[in-house]
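Undergrad: So I've got this file, run.cif, and it contains mmCIF, C-alpha atoms:
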data_input
loop_
_atom_site.label_atom_id
_atom_site.label_comp_id
_atom_site.auth_asym_id
_atom_site.auth_seq_id
_atom_site.Cartn_x
_atom_site.Cartn_y
_atom_site.Cartn_z
CA MET A 912 0.00 0.00 0.00
CA ARG A 913 1.29 3.44 -0.91
CA GLU A 914 1.59 5.87 1.98
CA ALA A 915 1.61 2.89 4.35
CA THR A 916 3.44 4.63 7.18
CA SER A 917 1.63 7.96 6.93
CA ALA A 918 -1.77 6.23 6.72
CA ARG A 919 -1.00 4.11 9.78
CA VAL A 920 0.23 7.08 11.79
CA ALA A 921 -2.67 9.27 10.62
CA HIS A 922 -5.13 6.60 11.71
CA LEU A 923 -3.56 6.37 15.17
CA VAL A 924 -3.41 10.17 15.47
CA ARG A 925 -7.05 10.55 14.43
CA GLU A 926 -8.04 8.01 17.06
CA GLN A 927 -6.56 10.42 19.63
CA GLY A 928 -8.79 13.21 18.40
CA TYR A 929 -6.42 15.01 16.03
CA ASN A 930 -7.53 16.26 12.63
CA ALA A 931 -5.03 14.36 10.51
CA PHE A 932 -4.80 13.71 6.76
CA VAL A 933 -2.46 11.84 4.47
CA ILE A 934 -0.78 13.71 1.62
CA THR A 935 -1.48 11.66 -1.50
CA GLY A 936 1.75 10.54 -3.13
CA GLY A 937 3.88 11.76 -0.22
CA LEU A 938 7.18 13.53 -0.65
CA ASP A 939 7.69 12.17 -4.18
CA ALA A 940 4.43 13.75 -5.39
CA TRP A 941 5.31 17.02 -3.67
CA ARG A 942 8.70 17.12 -5.38
CA LYS A 943 7.23 16.21 -8.78
CA ASP A 944 4.76 19.06 -8.38
CA GLY A 945 7.65 21.45 -7.84
CA GLY A 946 6.97 21.97 -4.16
CA ALA A 947 9.63 23.64 -2.03
CA THR A 948 11.83 21.45 0.15
CA GLU A 949 14.44 22.11 2.80
CA ILE A 950 17.50 20.26 4.04
CA VAL A 951 16.75 18.32 7.22
CA PRO A 952 18.35 20.20 10.14
CA GLU A 953 21.26 18.38 11.72
CA ASP A 954 19.42 18.15 15.04
CA ASP A 955 16.72 16.08 13.40
CA LEU A 956 19.07 13.61 11.72
CA VAL A 957 19.17 10.11 13.16
CA LEU A 958 22.84 9.28 13.51
CA LEU A 959 23.24 5.60 12.86
CA PRO A 960 26.51 4.13 14.10
CA THR A 961 29.44 4.33 11.70
CA PHE A 962 33.00 3.05 11.86
CA ASN A 963 34.43 6.53 11.40
CA MET B 915 24.47 -29.29 -10.62
CA GLU B 916 26.23 -31.91 -12.72
CA SER B 917 26.38 -29.29 -15.47
CA ILE B 918 28.47 -26.98 -13.28
CA LEU B 919 30.91 -29.85 -12.75
CA ALA B 920 31.05 -30.50 -16.49
CA LEU B 921 31.45 -26.79 -17.22
CA THR B 922 34.22 -26.51 -14.62
CA ALA B 923 36.04 -29.47 -16.16
CA ARG B 924 35.75 -27.89 -19.62
CA HIS B 925 36.43 -24.23 -18.84
CA GLY B 926 38.52 -24.50 -15.68
CA TYR B 927 39.34 -21.27 -13.93
CA SER B 928 36.97 -19.06 -15.91
CA ILE B 929 33.82 -20.91 -14.85
CA VAL B 930 34.97 -20.98 -11.21
CA PHE B 931 35.60 -17.24 -11.42
CA LEU B 932 32.20 -16.49 -13.00
CA ALA B 933 30.26 -18.72 -10.59
CA VAL B 934 31.90 -17.17 -7.53
CA LEU B 935 31.53 -13.64 -8.92
CA ALA B 936 27.83 -14.21 -9.67
CA GLU B 937 27.09 -15.63 -6.22
CA SER B 938 28.97 -12.77 -4.58
CA LEU B 939 26.73 -10.38 -6.52
CA SER B 940 23.75 -12.14 -4.87
CA LEU B 941 22.75 -14.14 -7.94
CA PRO B 942 21.41 -17.65 -7.19
CA ILE B 943 24.46 -19.56 -8.48
CA PRO B 944 25.87 -22.51 -6.46
CA ALA B 945 29.44 -21.21 -6.27
CA ALA B 946 30.28 -23.71 -3.53
CA LEU B 947 29.87 -26.52 -6.05
CA ALA B 948 32.09 -24.75 -8.56
CA MET B 949 34.76 -24.31 -5.87
CA ILE B 950 34.50 -27.98 -4.87
CA ALA B 951 34.80 -28.94 -8.52
CA GLY B 952 37.79 -26.63 -8.85
CA GLY B 953 39.43 -28.28 -5.84
CA ALA B 954 38.71 -31.76 -7.20
CA LEU B 955 40.14 -30.86 -10.61
CA ALA B 956 43.23 -29.51 -8.89
CA ALA B 957 43.65 -32.76 -7.00
CA SER B 958 43.50 -34.67 -10.26
CA GLY B 959 46.16 -32.42 -11.76
CA MET B 960 43.95 -30.57 -14.25
CA LEU B 961 44.13 -27.26 -12.38
CA ASN B 962 46.50 -25.67 -9.91
CA ILE B 963 45.07 -25.44 -6.38
CA GLY B 964 46.80 -22.13 -5.72
CA TRP B 965 45.28 -20.57 -8.81
CA VAL B 966 41.82 -21.97 -8.01
CA LEU B 967 42.02 -20.37 -4.57
CA ALA B 968 43.29 -17.11 -6.03
CA VAL B 969 40.56 -16.99 -8.69
CA CYS B 970 37.85 -17.56 -6.04
CA VAL B 971 39.24 -14.90 -3.72
CA ILE B 972 39.69 -12.34 -6.52
CA ALA B 973 36.10 -12.89 -7.73
CA MET B 974 34.71 -12.41 -4.22
CA ILE B 975 36.82 -9.33 -3.51
CA LEU B 976 35.80 -7.74 -6.83
CA ALA B 977 32.07 -8.27 -6.24
CA ASP B 978 32.18 -7.31 -2.55
CA SER B 979 34.21 -4.17 -3.28
CA LEU B 980 31.66 -3.11 -5.87
CA ILE B 981 28.75 -3.57 -3.44
CA TYR B 982 30.76 -1.92 -0.65
CA TYR B 983 31.36 1.05 -2.97
CA PHE B 984 27.63 1.34 -3.72
CA GLY B 985 26.86 1.24 0.01
CA ARG B 986 29.47 3.89 0.70
CA THR B 987 28.33 6.26 -2.04
CA MET B 988 24.58 5.72 -1.73
CA GLY B 989 24.53 6.06 2.04
CA TRP B 990 21.61 4.31 3.69
CA TRP B 991 19.52 4.26 0.52
CA LEU B 992 20.86 0.87 -0.62
CA LEU B 993 20.25 -0.67 2.80
CA ALA B 994 16.75 0.83 2.97
CA LEU B 995 16.07 -0.77 -0.42
CA LEU B 996 17.27 -4.17 0.81
CA CYS B 997 15.19 -3.73 3.97
CA LYS B 998 11.99 -3.20 2.00
CA VAL B 999 11.44 -6.97 1.86
CA SER B 1000 11.97 -7.41 5.60
CA LEU B 1001 9.04 -8.07 7.91
CA ASN B 1002 9.50 -4.69 9.57
CA PRO B 1003 11.12 -2.24 7.13
CA GLU B 1004 10.76 0.63 9.61
CA THR B 1005 13.19 -0.88 12.10
CA CYS B 1006 15.27 -3.04 9.75
CA VAL B 1007 17.84 -0.33 8.90
CA LEU B 1008 18.33 0.71 12.51
CA ARG B 1009 18.62 -2.84 13.87
CA SER B 1010 20.87 -4.03 11.04
CA ALA B 1011 23.18 -1.05 11.58
CA GLU B 1012 23.36 -1.53 15.35
CA SER B 1013 23.96 -5.27 15.04
CA PHE B 1014 26.65 -4.83 12.37
CA TYR B 1015 28.32 -2.12 14.41
CA LYS B 1016 28.70 -4.53 17.35
CA ARG B 1017 29.79 -7.57 15.32
CA GLY B 1018 30.71 -6.15 11.93
CA ARG B 1019 34.28 -7.33 11.69
CA THR B 1020 33.49 -10.89 12.73
CA THR B 1021 30.41 -10.83 10.51
CA LEU B 1022 32.50 -10.00 7.45
CA VAL B 1023 34.72 -13.03 8.07
CA ILE B 1024 31.89 -15.57 8.38
CA ALA B 1025 29.14 -13.87 6.34
CA LYS B 1026 29.71 -15.89 3.18
CA PHE B 1027 28.65 -19.08 4.91
CA ILE B 1028 25.29 -17.60 5.95
CA PRO B 1029 22.70 -16.91 3.22
CA GLY B 1030 21.14 -13.48 3.63
CA VAL B 1031 23.91 -12.17 5.85
CA ALA B 1032 26.27 -12.42 2.87
CA THR B 1033 23.97 -10.07 0.93
CA MET B 1034 23.85 -7.47 3.71
CA ALA B 1035 27.45 -7.46 4.95
CA ALA B 1036 29.21 -5.52 2.18
CA PRO B 1037 26.55 -2.78 1.75
CA LEU B 1038 26.43 -2.39 5.54
CA ALA B 1039 30.19 -1.98 5.71
CA GLY B 1040 29.95 0.66 2.99
CA SER B 1041 26.98 2.53 4.45
CA MET B 1042 28.64 2.54 7.86
CA LYS B 1043 31.83 4.02 6.38
CA MET B 1044 34.12 1.21 7.37
CA ARG B 1045 37.56 2.24 6.14
CA PRO B 1046 38.34 0.69 2.73
CA GLY B 1047 41.58 -0.84 3.98
CA GLN B 1048 39.85 -2.38 6.99
CA PHE B 1049 37.01 -3.67 4.84
CA LEU B 1050 39.47 -5.27 2.45
CA ILE B 1051 41.38 -7.02 5.24
CA TYR B 1052 38.27 -8.57 6.83
CA ASP B 1053 36.64 -9.32 3.50
CA LEU B 1054 39.84 -10.91 2.26
CA ALA B 1055 39.93 -13.09 5.38
CA GLY B 1056 36.29 -14.08 4.82
CA ALA B 1057 36.81 -14.75 1.11
CA PHE B 1058 39.92 -16.83 1.75
CA LEU B 1059 38.18 -18.86 4.47
CA TYR B 1060 35.16 -19.52 2.24
CA ALA B 1061 37.29 -20.50 -0.75
CA PHE B 1062 39.67 -22.56 1.38
CA VAL B 1063 36.86 -24.61 2.94
CA TYR B 1064 35.13 -25.49 -0.33
CA THR B 1065 38.12 -25.94 -2.61
CA GLY B 1066 39.75 -27.86 0.24
CA LEU B 1067 36.73 -30.18 0.42
CA GLY B 1068 36.98 -30.79 -3.31
CA TYR B 1069 40.73 -31.33 -3.14
CA VAL B 1070 40.73 -33.71 -0.16
CA PHE B 1071 37.62 -35.67 -1.12
CA HIS B 1072 38.02 -35.63 -4.93
CA ASN B 1073 37.55 -39.40 -5.03
CA PHE B 1074 34.13 -38.91 -3.46
CA LEU B 1075 33.05 -36.12 -5.77
CA SER B 1076 29.91 -37.92 -6.93
CA VAL B 1077 28.94 -38.56 -3.30
CA MET B 1078 29.47 -34.87 -2.53
CA VAL B 1079 27.45 -33.85 -5.57
CA HIS B 1080 24.57 -36.07 -4.47
CA GLY B 1081 24.92 -34.62 -0.98
CA PHE B 1082 24.73 -31.13 -2.43
CA GLU B 1083 21.73 -32.13 -4.52
CA ALA B 1084 19.97 -33.42 -1.42
CA ALA B 1085 20.92 -30.25 0.46
CA GLY B 1086 19.78 -28.21 -2.55
CA HIS B 1087 16.37 -29.93 -2.58
CA LEU B 1088 16.04 -29.32 1.15
CA ALA B 1089 17.04 -25.69 0.67
CA VAL B 1090 14.43 -25.30 -2.09
CA LEU B 1091 11.78 -26.79 0.19
CA VAL B 1092 12.77 -24.55 3.11
CA THR B 1093 12.85 -21.51 0.79
CA ALA B 1094 9.42 -22.38 -0.62
CA ILE B 1095 7.98 -22.68 2.90
CA ALA B 1096 9.62 -19.39 3.88
CA VAL B 1097 8.17 -17.66 0.79
CA VAL B 1098 4.67 -19.00 1.58
CA VAL B 1099 4.98 -17.87 5.21
CA TYR B 1100 6.29 -14.47 4.08
CA PHE B 1101 3.43 -13.88 1.65
CA GLY B 1102 0.95 -15.17 4.24
CA TYR B 1103 2.29 -12.60 6.67
CA ARG B 1104 2.09 -9.87 4.01
CA ILE B 1105 -1.52 -10.80 3.19
CA ARG B 1106 -2.36 -10.69 6.90
CA ILE B 1107 -0.79 -7.24 7.18
CA TYR B 1108 -2.63 -6.13 4.03
CA LEU B 1109 -5.98 -7.24 5.45
CA LYS B 1110 -5.17 -5.71 8.82
CA ASN B 1111 -4.24 -2.41 7.12
CA ARG B 1112 -7.54 -2.10 5.26
CA ILE B 1113 -8.73 0.21 8.00
CA TYR B 1114 -5.96 2.66 7.11
CA ARG B 1115 -7.49 3.17 3.66
CA GLU B 1116 -10.34 5.01 5.32
CA VAL B 1117 -8.02 7.80 6.51
CA PRO B 1118 -8.84 10.97 4.52
CA ARG B 1119 -6.36 11.89 1.82
CA ALA B 1120 -5.40 15.32 0.54
CA ALA B 1121 -4.10 15.90 -2.99
CA ILE B 1122 -1.07 18.15 -3.48
CA GLU B 1123 -3.20 20.87 -5.17
CA GLU B 1124 -5.61 20.92 -2.25
CA LEU B 1125 -2.73 21.19 0.20
CA ARG B 1126 -1.16 23.99 -1.79
CA ARG B 1127 -4.41 25.98 -1.72
CA LYS B 1128 -4.55 25.64 2.05
CA LEU B 1129 -0.91 26.63 2.45
CA ASP B 1130 -1.36 29.60 0.10
CA SER B 1131 -4.31 30.86 2.12
CA GLY B 1132 -1.77 31.60 4.86
CA ASP B 1133 -4.14 31.17 7.77
CA GLY B 1134 -1.65 28.98 9.61
CA SER B 1135 -4.12 26.16 10.09
CA VAL B 1136 -1.92 23.62 8.33
CA MET B 1137 0.83 21.60 9.97
CA LEU B 1138 3.07 19.40 7.82
CA VAL B 1139 4.47 16.29 9.46
CA ASP B 1140 7.12 13.98 8.01
CA VAL B 1141 6.75 10.42 9.31
CA ARG B 1142 9.44 8.72 7.25
CA SER B 1143 11.76 6.31 9.03
CA HIS B 1144 14.36 6.14 6.27
CA GLY B 1145 14.62 9.80 5.34
CA TYR B 1146 16.73 10.98 8.25
CA TYR B 1147 19.87 8.88 8.10
CA ASP B 1148 21.94 10.88 5.61
CA ALA B 1149 23.20 14.43 5.96
CA GLY B 1150 21.72 16.48 3.14
CA ALA B 1151 18.37 14.64 3.22
CA SER B 1152 15.46 16.90 2.36
CA ARG B 1153 11.84 17.25 3.38
CA ILE B 1154 8.85 19.50 2.58
CA LEU B 1155 9.62 23.07 3.52
CA GLY B 1156 8.27 23.93 6.94
CA SER B 1157 7.47 20.39 8.03
CA ILE B 1158 8.39 18.80 11.32
CA ARG B 1159 9.46 15.25 11.99
CA LEU B 1160 7.40 12.67 13.85
CA GLU B 1161 9.26 9.40 14.37
CA PRO B 1162 6.62 6.71 13.76
CA ASN B 1163 8.27 4.28 16.17
CA SER B 1164 7.98 6.69 19.09
CA LEU B 1165 4.53 8.06 18.35
CA ALA B 1166 3.18 7.67 21.88
CA GLU B 1167 5.86 9.94 23.39
CA LYS B 1168 5.64 12.58 20.65
CA LEU B 1169 1.89 12.75 20.22
CA HIS B 1170 1.37 15.47 22.82
CA ASP B 1171 3.54 17.84 20.73
CA LEU B 1172 0.85 17.99 18.05
CA PRO B 1173 -1.81 20.75 18.20
CA LYS B 1174 -5.44 19.68 18.21
CA ASP B 1175 -6.64 22.96 16.71
CA ARG B 1176 -4.77 22.58 13.41
CA GLU B 1177 -5.09 20.30 10.39
CA ILE B 1178 -2.19 17.87 10.40
CA TYR B 1179 -0.95 16.64 7.00
CA LEU B 1180 1.31 13.63 7.21
CA TYR B 1181 3.57 12.25 4.52
CA CYS B 1182 6.16 9.60 3.92
CA THR B 1183 8.17 8.83 0.77
#
Output the file's structure in the form of C-alpha cells.
TA:
Amino acid sequence: MREATSARVAHLVREQGYNAFVITGGLDAWRKDGGATEIVPEDDLVLLPTFN
Amino acid sequence: MESILALTARHGYSIVFLAVLAESLSLPIPAALAMIAGGALAASGMLNIGWVLAVCVIAMILADSLIYYFGRTMGWWLLALLCKVSLNPETCVLRSAESFYKRGRTTLVIAKFIPGVATMAAPLAGSMKMRPGQFLIYDLAGAFLYAFVYTGLGYVFHNFLSVMVHGFEAAGHLAVLVTAIAVVVYFGYRIRIYLKNRIYREVPRAAIEELRRKLDSGDGSVMLVDVRSHGYYDAGASRILGSIRLEPNSLAEKLHDLPKDREIYLYCT
C-alpha cells in the first residue's frame, strides 16, 4: 500500500482526536509538483553508528 | 548441478571465477559446487590449487568491493532498499546497523557461509563508512576462508566427488523446500498485514493541489508532518519546507507535541 506509514500514523493520530490527513503521493508527489523542500536540520538527523 | 561440474572441467578457472563472482553479486548460483569442482580438478592435476584459490578470492573481492562502494556512495539508501522486503522495514535499517556495528568485523569473516547475511554485509560496511583498507582485510579473510573450505573439500575428497554432488543435490532440494515454505509464510504474513491495514485506507487523503491551496491561504491552520523512518539517516536529506518530523516508532511519546486545533498533514516517501 502506498503511503503505508503515513496512513498508519494518521489513523492512530485521528483516534486520539487530532484532525489528521495523508498527503497523497507523499514527498515524491510534492517534489514532482515542484513543491519547495528544505534540508533536514542536523538536530533532526538520526545518527546511525558508523565506523568513522 | 552436474552441469556446473562439467562446465568446470571444460572451462577451468573461468567458470569458477564467473560462478563465484555471480554468487557474490547475490545471484542464485551454487558457487560452492564450482569451488568444490575446482578443488577436485586440482587434486587430479587438471588445475592448480593455488590458482583456483586465487581466482575464487579475486572474484569475491571484486564483487564485494563493488557492493561496498555502492553502500558507501549511496549512504543508507541501498540498505533501505534491501530492507523493503523485511518483515519490519521501519526498524530493519536501525537494527541491522546496530547489530553490524557490534559484530561487523566478525560478521565479514563468516558472512559468506550464511545466506542473507552475505547479501547485507558488504553494503552495511559501505553505508557505515568502514575504512576501505579495513574492509578489504576482513573481506579478504572471509573470502579466503570460504574459498579454502570449499576448494579444500573438493581437493581432499576428490575421489568422493559424486557422493558430494549427491549430498549437495539433497541439500539443494532441502534448501528449495525450506525456501518455498519461507516464501509461503512471508506472503501469508504480508496478506495478513494487508488485510489488517484495510482500516488505514479510510483515513482521509489530501491531494497536493488541495494542500497547496490551504498553504497559500496563509491562515496557519496547516501543519506538515514527516513520518518517514528512512529519510533521516543521511546528511543532506530533504523534506517538505516547513514540516516537522514525527518518528513513527515513538509516536506515543511525541503525540502530545501535536496541536489539536490545526489540520495535520502527514507524509512519507
Undergrad: Could you name the residues that touch range 930-941 of chain A at 12 Å or less, counting all atoms listed in the file, but leaving out those on the same chain fewer than 5 positions away, as number ranges by chain?
TA: A: 912-925, 946-949; B: 1114-1126, 1135-1142, 1145, 1151-1155, 1157, 1172-1183
Undergrad: Mind pulling up the distance from CA of Ala1036 in chain B to CA of Ile972 in chain B?
TA: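 Spanning CA of Ile972 in chain B to CA of Ala1036 in chain B is a straight-line distance of 15.2 Å.
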Undergrad: Can you work out the spacing between CA of Asp1133 in chain B and CA of Gln927 in chain A in Å, to one decimal?
TA: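 Computing the Euclidean distance for CA of Asp1133 in chain B and CA of Gln927 in chain A yields 24.0 Å.
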Undergrad: If you count only C-alpha atoms, which residues fall within 8 Å of range 1047-1053 of chain B, apart from same-chain ones fewer than 5 positions away, as a list in words?
TA: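 Within the cut-off, the hits are Ile975, Asp978, Ser979, Arg1019, Thr1020, Leu1022, Val1023 and Ala1039 of chain B.
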Undergrad: One decimal, Å: what's the distance from CA of Phe1014 in chain B over to CA of Asp955 in chain A, could you say?
TA: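 Interatomic distance, CA of Phe1014 in chain B to CA of Asp955 in chain A: 23.2 Å.
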